[in-house]
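Data block below; observations after.
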Amino acid sequence: MKRWRSTIAVVAVLAVALTGCGRDENGSGGGDQPAGEEISQGKATGEITVWAMGAEGEKLNALADDFTKENPEAKVKVTSFPFDAAHDKIATSIAGRQTPDVSMMGSTWMGEFAKAGAFDPVPTGLFDKSTFFEGAWNTAVVDDTAYGVPWYVETRLIFHRKDVAATAGVQKPTNWQELTEFATAMKDKGGAKWGITLQPGGPGTWQSFMPFAWQAGADIMRDDEFTLDTPEMRKALEYYASFFKQGLSPAQVAPGFQESGFIRGEVGAFVSGPWHMGILREQGGAAIEGKWDVAQMPKEQAGTSFIGGSDLVVYKDTKNRDTAWKFVQFLTTPAAQQKLYDLVGSLPAVTETWQSGKLASDPLLAAFGEQLKDAKSPPAMATWEQIADIIDGAIEKVVRGVADPATAAKEMQSKATSIGTGN
């Protein structure tokens, strides 16, 4: 069963559990600190529990140790677990009011859990949002209130074989027309079997497609209304599907083919995030060293890409709110952001961190930093998993020729409107 099918039940359980525990309309109550209240000055004290996932969770103790060296009367207990267990583990803890004090939070889960009243709003004056990438900060804002802060980020660029492009006689594409010409030349003149690989459908396809929608001037919502059936959205669907219709992208991609095909020169380009730099270096080694590069997303009305990553949140039920927020504040200092990058390669959400060291000197990393200046995420809503599933399905129908862009856009709008945002 897909996660979104359980999301309705999760939200319902959370609503009942939190309402039954005497929270007021602002989410406080039962002795909680007033929403947004400033934290105290001085050193952190007492113990906090922190949950984190993946490689970041595995290395978080190193940062916690730095924090406790600066705050010797504080103690941080870190629990790390896999990403695939995170959503349900967090949901269960909220429903049972057994949350940690702080946790890492998937950026697309913010709306679901914030609307359930689970998070403590960001304290007044504690963070300057201008120090973060704008798109990253917006992932933590729900109904005009910040319920967390960005910890690390990722965005998408166009990975491409420089040698294949040189053979094809093409330069990095800068707009939609050039991207089509680029992919065509990579196949027809460069010797690649496929000019570019794009997701043809299935879970998560929206992450590949929405940058093109934003570039066309489309959006998921405006003024609290879904805007999935617009000329701009139809244009984006048509453009995305054109790569498959012209035989520039494969309609089916076996696991691992994108990487292996790129290394062999059979795939000229693909769109992905910074993690693929490590994958290509590990799998391709010296054979493709210096033969690939990244390019910014193409511009139509805009050159927007997708922004993902993770936020940091403090829970309403924290027993040590002061130290919890001080730890979050510490993790978003440039020094801690730099150390997280050094430990696991996670890209900093704080812009100052990009101004020195390898993040500034490595042209590949700098390209991701540049793209982060124009990157967006879906609006925060409790029903996002369901809406994402609808968008995924519509894209696949257009790619496979089962529906035309107009029909698919109309269906997205109708289904999304019937589901709503969960407000």
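Chain lettering (A, B, ...) mirrors the order of the structure tokens, residue numbering begins at 1 for each chain separately, and ligand numbering begins at 1 in order of display.
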Ser249 (chain A): which residues within 9 Å, counting only C-alpha atoms, same-chain residues fewer than 3 positions away excluded, as a list in words?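 In the requested form, the answer reads Ala183, Trp194, Gly195, Ile196, Thr197, Leu198, Gln199, Pro200, Ser242, Phe243, Phe244, Lys245, Gln246, Gln252 and Val267 of chain A.
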Tell me, as number ranges by chain, which residues lie within 12 Å of Glu370 (chain A), counting only C-alpha atoms; anything in the same chain fewer than 6 positions away does not count. A: 133, 154-157, 294-297, 303-305, 351, 354-355, 359-360, 363-364
Only N, CA and C atoms, please: the residues just picked out, written as an mmCIF file, in the first residue's frame.
```
data_model
loop_
_atom_site.group_PDB
_atom_site.id
_atom_site.type_symbol
_atom_site.label_atom_id
_atom_site.label_comp_id
_atom_site.auth_asym_id
_atom_site.auth_seq_id
_atom_site.Cartn_x
_atom_site.Cartn_y
_atom_site.Cartn_z
ATOM 1 N N PHE A 133 18.951 29.834 1.802
ATOM 2 C CA PHE A 133 18.384 29.890 0.468
ATOM 3 C C PHE A 133 16.873 30.059 0.603
ATOM 4 N N GLU A 154 19.278 20.081 -1.393
ATOM 5 C CA GLU A 154 19.723 19.526 -2.659
ATOM 6 C C GLU A 154 18.872 20.125 -3.764
ATOM 7 N N THR A 155 19.426 20.156 -4.960
ATOM 8 C CA THR A 155 18.677 20.607 -6.117
ATOM 9 C C THR A 155 19.118 19.784 -7.320
ATOM 10 N N ARG A 156 18.521 20.030 -8.478
ATOM 11 C CA ARG A 156 18.779 19.210 -9.656
ATOM 12 C C ARG A 156 19.437 20.039 -10.758
ATOM 13 N N LEU A 157 20.403 19.410 -11.435
ATOM 14 C CA LEU A 157 21.072 20.002 -12.588
ATOM 15 C C LEU A 157 21.084 18.987 -13.727
ATOM 16 N N VAL A 294 28.120 19.437 -15.382
ATOM 17 C CA VAL A 294 26.728 19.755 -15.045
ATOM 18 C C VAL A 294 26.372 21.112 -15.627
ATOM 19 N N ALA A 295 25.104 21.284 -15.925
ATOM 20 C CA ALA A 295 24.603 22.550 -16.462
ATOM 21 C C ALA A 295 23.377 22.982 -15.687
ATOM 22 N N GLN A 296 23.152 24.291 -15.623
ATOM 23 C CA GLN A 296 21.971 24.816 -14.959
ATOM 24 C C GLN A 296 20.713 24.355 -15.690
ATOM 25 N N MET A 297 19.595 24.350 -14.992
ATOM 26 C CA MET A 297 18.337 23.996 -15.630
ATOM 27 C C MET A 297 17.997 25.024 -16.708
ATOM 28 N N GLY A 303 14.233 29.704 -14.868
ATOM 29 C CA GLY A 303 15.150 28.576 -14.936
ATOM 30 C C GLY A 303 15.125 27.771 -13.656
ATOM 31 N N THR A 304 13.942 27.638 -13.082
ATOM 32 C CA THR A 304 13.755 27.058 -11.749
ATOM 33 C C THR A 304 14.026 25.560 -11.720
ATOM 34 N N SER A 305 14.602 25.102 -10.613
ATOM 35 C CA SER A 305 14.777 23.679 -10.357
ATOM 36 C C SER A 305 14.038 23.316 -9.078
ATOM 37 N N THR A 351 23.652 30.148 3.202
ATOM 38 C CA THR A 351 24.387 30.623 2.027
ATOM 39 C C THR A 351 25.832 31.004 2.330
ATOM 40 N N TRP A 354 28.767 28.641 1.568
ATOM 41 C CA TRP A 354 29.184 28.421 0.184
ATOM 42 C C TRP A 354 30.267 29.401 -0.272
ATOM 43 N N GLN A 355 30.656 30.322 0.576
ATOM 44 C CA GLN A 355 31.554 31.387 0.143
ATOM 45 C C GLN A 355 33.029 31.072 0.356
ATOM 46 N N LEU A 359 33.333 24.236 -1.432
ATOM 47 C CA LEU A 359 32.024 24.631 -1.948
ATOM 48 C C LEU A 359 32.132 25.830 -2.875
ATOM 49 N N ALA A 360 33.121 26.682 -2.650
ATOM 50 C CA ALA A 360 33.312 27.852 -3.499
ATOM 51 C C ALA A 360 34.270 27.577 -4.651
ATOM 52 N N PRO A 363 34.008 23.829 -9.228
ATOM 53 C CA PRO A 363 32.999 24.354 -10.169
ATOM 54 C C PRO A 363 31.712 23.535 -10.210
ATOM 55 N N LEU A 364 31.807 22.229 -9.971
ATOM 56 C CA LEU A 364 30.604 21.399 -9.961
ATOM 57 C C LEU A 364 29.725 21.746 -8.767
#
```
Excluding Phe83 (chain A) and any residue of its chain fewer than 3 positions from it, enumerate the residues within 7 Å of it, using only C-alpha atoms, and give them as JSON, numbers by chain. {"A": [53, 54, 86]}
I'd like the contact shell of Ser103 (chain A) - 9 Å cut-off, only C-alpha atoms, skipping same-chain residues fewer than 5 positions apart - returned as number ranges by chain. A: 49-53, 90, 311-315
May I have a table of the residues of region 264-300 of chain A lying at most 10 Å from region 161-165 of chain A, giving each one's closest pair of atoms and their distance in Å to one decimal, counting only C-alpha atoms, ordered by chain and ascending residue number, as a Markdown table?
```
| residue | atom | partner | partner_atom | distance |
| --- | --- | --- | --- | --- |
| A:Arg264 | CA | A:Arg161 | CA | 10.0 |
| A:Gly265 | CA | A:Val164 | CA | 7.2 |
| A:Glu266 | CA | A:Val164 | CA | 9.4 |
| A:Val267 | CA | A:Arg161 | CA | 8.2 |
| A:Gly268 | CA | A:Arg161 | CA | 5.6 |
| A:Ala269 | CA | A:Arg161 | CA | 6.5 |
| A:Phe270 | CA | A:Arg161 | CA | 9.6 |
| A:Ile288 | CA | A:Arg161 | CA | 8.7 |
| A:Gly290 | CA | A:Lys162 | CA | 8.1 |
| A:Lys291 | CA | A:Lys162 | CA | 5.3 |
| A:Trp292 | CA | A:Arg161 | CA | 4.3 |
| A:Asp293 | CA | A:Lys162 | CA | 6.2 |
| A:Val294 | CA | A:Arg161 | CA | 8.8 |
```
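Using only C-alpha atoms for every distance, the candidate list A:Ala168, A:Ala335, A:Val153, A:Ala118 yields A:Val153 as the residue closest to Gly135 (chain A).
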For each of A:Met104, A:Ala64, A:Met277, A:Ala409, take the minimum atom-to-atom distance to Lys339 (chain A), counting only C-alpha atoms, then give the residue where this is smallest. A:Ala64
My list of candidates is A:Met110, A:Ala216, A:Ala136, A:Ala241. Which is closest to Ile307 (chain A) when distances are computed with only C-alpha atoms?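 Ranked by minimum distance to Ile307 (chain A), first place goes to A:Ala136.
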Would you kindly return, as a VMD selection string, each protein, DNA or RNA residue with an atom no farther than 9 Å from any atom of region 316-325 of chain A, considering only C-alpha atoms and excluding same-chain residues fewer than 2 positions away? chain A and resid 27 to 28 32 to 33 35 38 to 40 43 to 50 74 94 97 to 102 117 to 123 126 313 to 314 327 to 330
Would you export the selected residues with N, CA and C atoms as a CSV table (one decimal), in the first residue's frame, please?
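again.csv written:
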```csv
chain,number,residue,atom,x,y,z
A,27,GLY,N,-2.3,25.7,19.0
A,27,GLY,CA,-1.5,24.5,19.2
A,27,GLY,C,-0.8,24.4,20.5
A,28,SER,N,-0.9,25.4,21.4
A,28,SER,CA,-0.3,25.3,22.7
A,28,SER,C,-1.3,24.9,23.7
A,32,ASP,N,2.4,24.0,27.6
A,32,ASP,CA,3.4,24.3,26.6
A,32,ASP,C,3.8,25.8,26.6
A,33,GLN,N,5.0,26.1,26.1
A,33,GLN,CA,5.4,27.5,26.0
A,33,GLN,C,4.5,28.2,24.9
A,35,ALA,N,3.5,30.0,21.6
A,35,ALA,CA,4.0,29.8,20.3
A,35,ALA,C,4.9,31.0,19.9
A,38,GLU,N,10.5,33.8,22.6
A,38,GLU,CA,11.9,33.8,22.5
A,38,GLU,C,12.5,32.8,23.5
A,39,ILE,N,13.7,32.3,23.2
A,39,ILE,CA,14.4,31.5,24.1
A,39,ILE,C,15.3,32.3,25.0
A,40,SER,N,15.9,31.7,26.0
A,40,SER,CA,16.7,32.5,27.0
A,40,SER,C,18.1,32.7,26.4
A,43,LYS,N,24.1,29.8,28.0
A,43,LYS,CA,24.4,28.4,27.6
A,43,LYS,C,23.2,27.5,27.7
A,44,ALA,N,23.2,26.5,26.9
A,44,ALA,CA,22.2,25.4,27.0
A,44,ALA,C,22.4,24.5,28.2
A,45,THR,N,21.3,24.0,28.8
A,45,THR,CA,21.4,23.1,29.9
A,45,THR,C,20.4,22.0,29.8
A,46,GLY,N,20.7,20.9,30.5
A,46,GLY,CA,19.8,19.8,30.5
A,46,GLY,C,19.9,18.9,29.3
A,47,GLU,N,19.1,17.9,29.2
A,47,GLU,CA,19.1,16.8,28.2
A,47,GLU,C,18.1,17.0,27.1
A,48,ILE,N,18.4,16.7,25.9
A,48,ILE,CA,17.4,16.7,24.8
A,48,ILE,C,17.6,15.4,24.0
A,49,THR,N,16.5,14.9,23.4
A,49,THR,CA,16.6,13.8,22.5
A,49,THR,C,16.4,14.2,21.1
A,50,VAL,N,17.2,13.7,20.2
A,50,VAL,CA,17.1,14.1,18.8
A,50,VAL,C,17.0,12.9,17.9
A,74,ALA,N,24.8,20.7,29.0
A,74,ALA,CA,23.8,20.1,28.2
A,74,ALA,C,24.2,18.7,27.7
A,94,ILE,N,4.0,11.2,17.3
A,94,ILE,CA,3.2,12.4,17.5
A,94,ILE,C,1.8,12.0,18.0
A,97,ARG,N,2.1,11.1,21.6
A,97,ARG,CA,2.8,12.2,22.4
A,97,ARG,C,4.0,11.7,23.0
A,98,GLN,N,4.8,10.9,22.2
A,98,GLN,CA,6.1,10.4,22.6
A,98,GLN,C,7.2,10.9,21.7
A,99,THR,N,7.1,12.1,21.3
A,99,THR,CA,8.1,12.7,20.4
A,99,THR,C,9.4,12.9,21.0
A,100,PRO,N,10.5,13.0,20.2
A,100,PRO,CA,11.7,13.5,20.7
A,100,PRO,C,11.6,15.0,20.9
A,101,ASP,N,12.7,15.7,21.3
A,101,ASP,CA,12.7,17.1,21.5
A,101,ASP,C,12.9,17.8,20.1
A,102,VAL,N,13.8,17.2,19.3
A,102,VAL,CA,14.2,17.7,18.0
A,102,VAL,C,14.2,16.6,17.0
A,117,GLY,N,-0.5,20.1,14.3
A,117,GLY,CA,-0.2,20.8,15.6
A,117,GLY,C,1.0,20.2,16.3
A,118,ALA,N,1.9,19.5,15.6
A,118,ALA,CA,3.0,18.8,16.2
A,118,ALA,C,4.2,19.6,16.5
A,119,PHE,N,4.4,20.7,15.8
A,119,PHE,CA,5.7,21.5,15.9
A,119,PHE,C,5.5,22.8,16.7
A,120,ASP,N,6.6,23.1,17.3
A,120,ASP,CA,6.7,24.4,18.0
A,120,ASP,C,7.1,25.5,17.0
A,121,PRO,N,6.4,26.6,16.8
A,121,PRO,CA,6.8,27.6,15.8
A,121,PRO,C,8.2,28.1,16.1
A,122,VAL,N,8.9,28.5,15.1
A,122,VAL,CA,10.3,29.1,15.3
A,122,VAL,C,10.2,30.3,16.2
A,123,PRO,N,11.1,30.3,17.3
A,123,PRO,CA,11.0,31.5,18.2
A,123,PRO,C,11.3,32.8,17.5
A,126,LEU,N,15.1,34.4,16.5
A,126,LEU,CA,16.2,33.4,16.6
A,126,LEU,C,17.0,33.2,15.3
A,313,VAL,N,13.1,20.5,13.2
A,313,VAL,CA,12.0,20.9,13.9
A,313,VAL,C,12.1,20.6,15.4
A,314,VAL,N,11.4,21.4,16.2
A,314,VAL,CA,11.3,21.2,17.6
A,314,VAL,C,9.8,20.9,17.9
A,327,PHE,N,20.1,24.0,20.1
A,327,PHE,CA,20.8,23.0,19.3
A,327,PHE,C,20.5,23.2,17.8
A,328,VAL,N,19.3,23.4,17.5
A,328,VAL,CA,18.9,23.7,16.1
A,328,VAL,C,19.7,24.9,15.6
A,329,GLN,N,19.8,25.9,16.4
A,329,GLN,CA,20.5,27.2,16.1
A,329,GLN,C,22.0,26.8,15.8
A,330,PHE,N,22.6,26.0,16.7
A,330,PHE,CA,24.0,25.6,16.5
A,330,PHE,C,24.2,24.8,15.2
```
Between A:Ile263, A:Ala380, A:Met105, A:Ala251, which residue has the minimum interatomic distance to Val399 (chain A), considering only C-alpha atoms?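 Closest candidate: A:Ala251.
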Please list as a ChimeraX atom specification every residue within 8 Å of Ala416 (chain A), counting only C-alpha atoms and excluding residues in the same chain fewer than 2 positions away. /A:226,387,390,412-414,418-420
Find the residue from A:Pro378, A:Gly422, A:Gly191, A:Gly125 that sits nearest to Ala140 (chain A); use only C-alpha atoms when measuring. A:Pro378
Apply DSSP to the structure's backbone, then extract all residues of region 109-346 of chain A labelled strand (DSSP E) and return them as a ChimeraX atom specification. /A:141-142,145-146,149-155,157-161,221-222,225-226,269-272,292-295,305-314
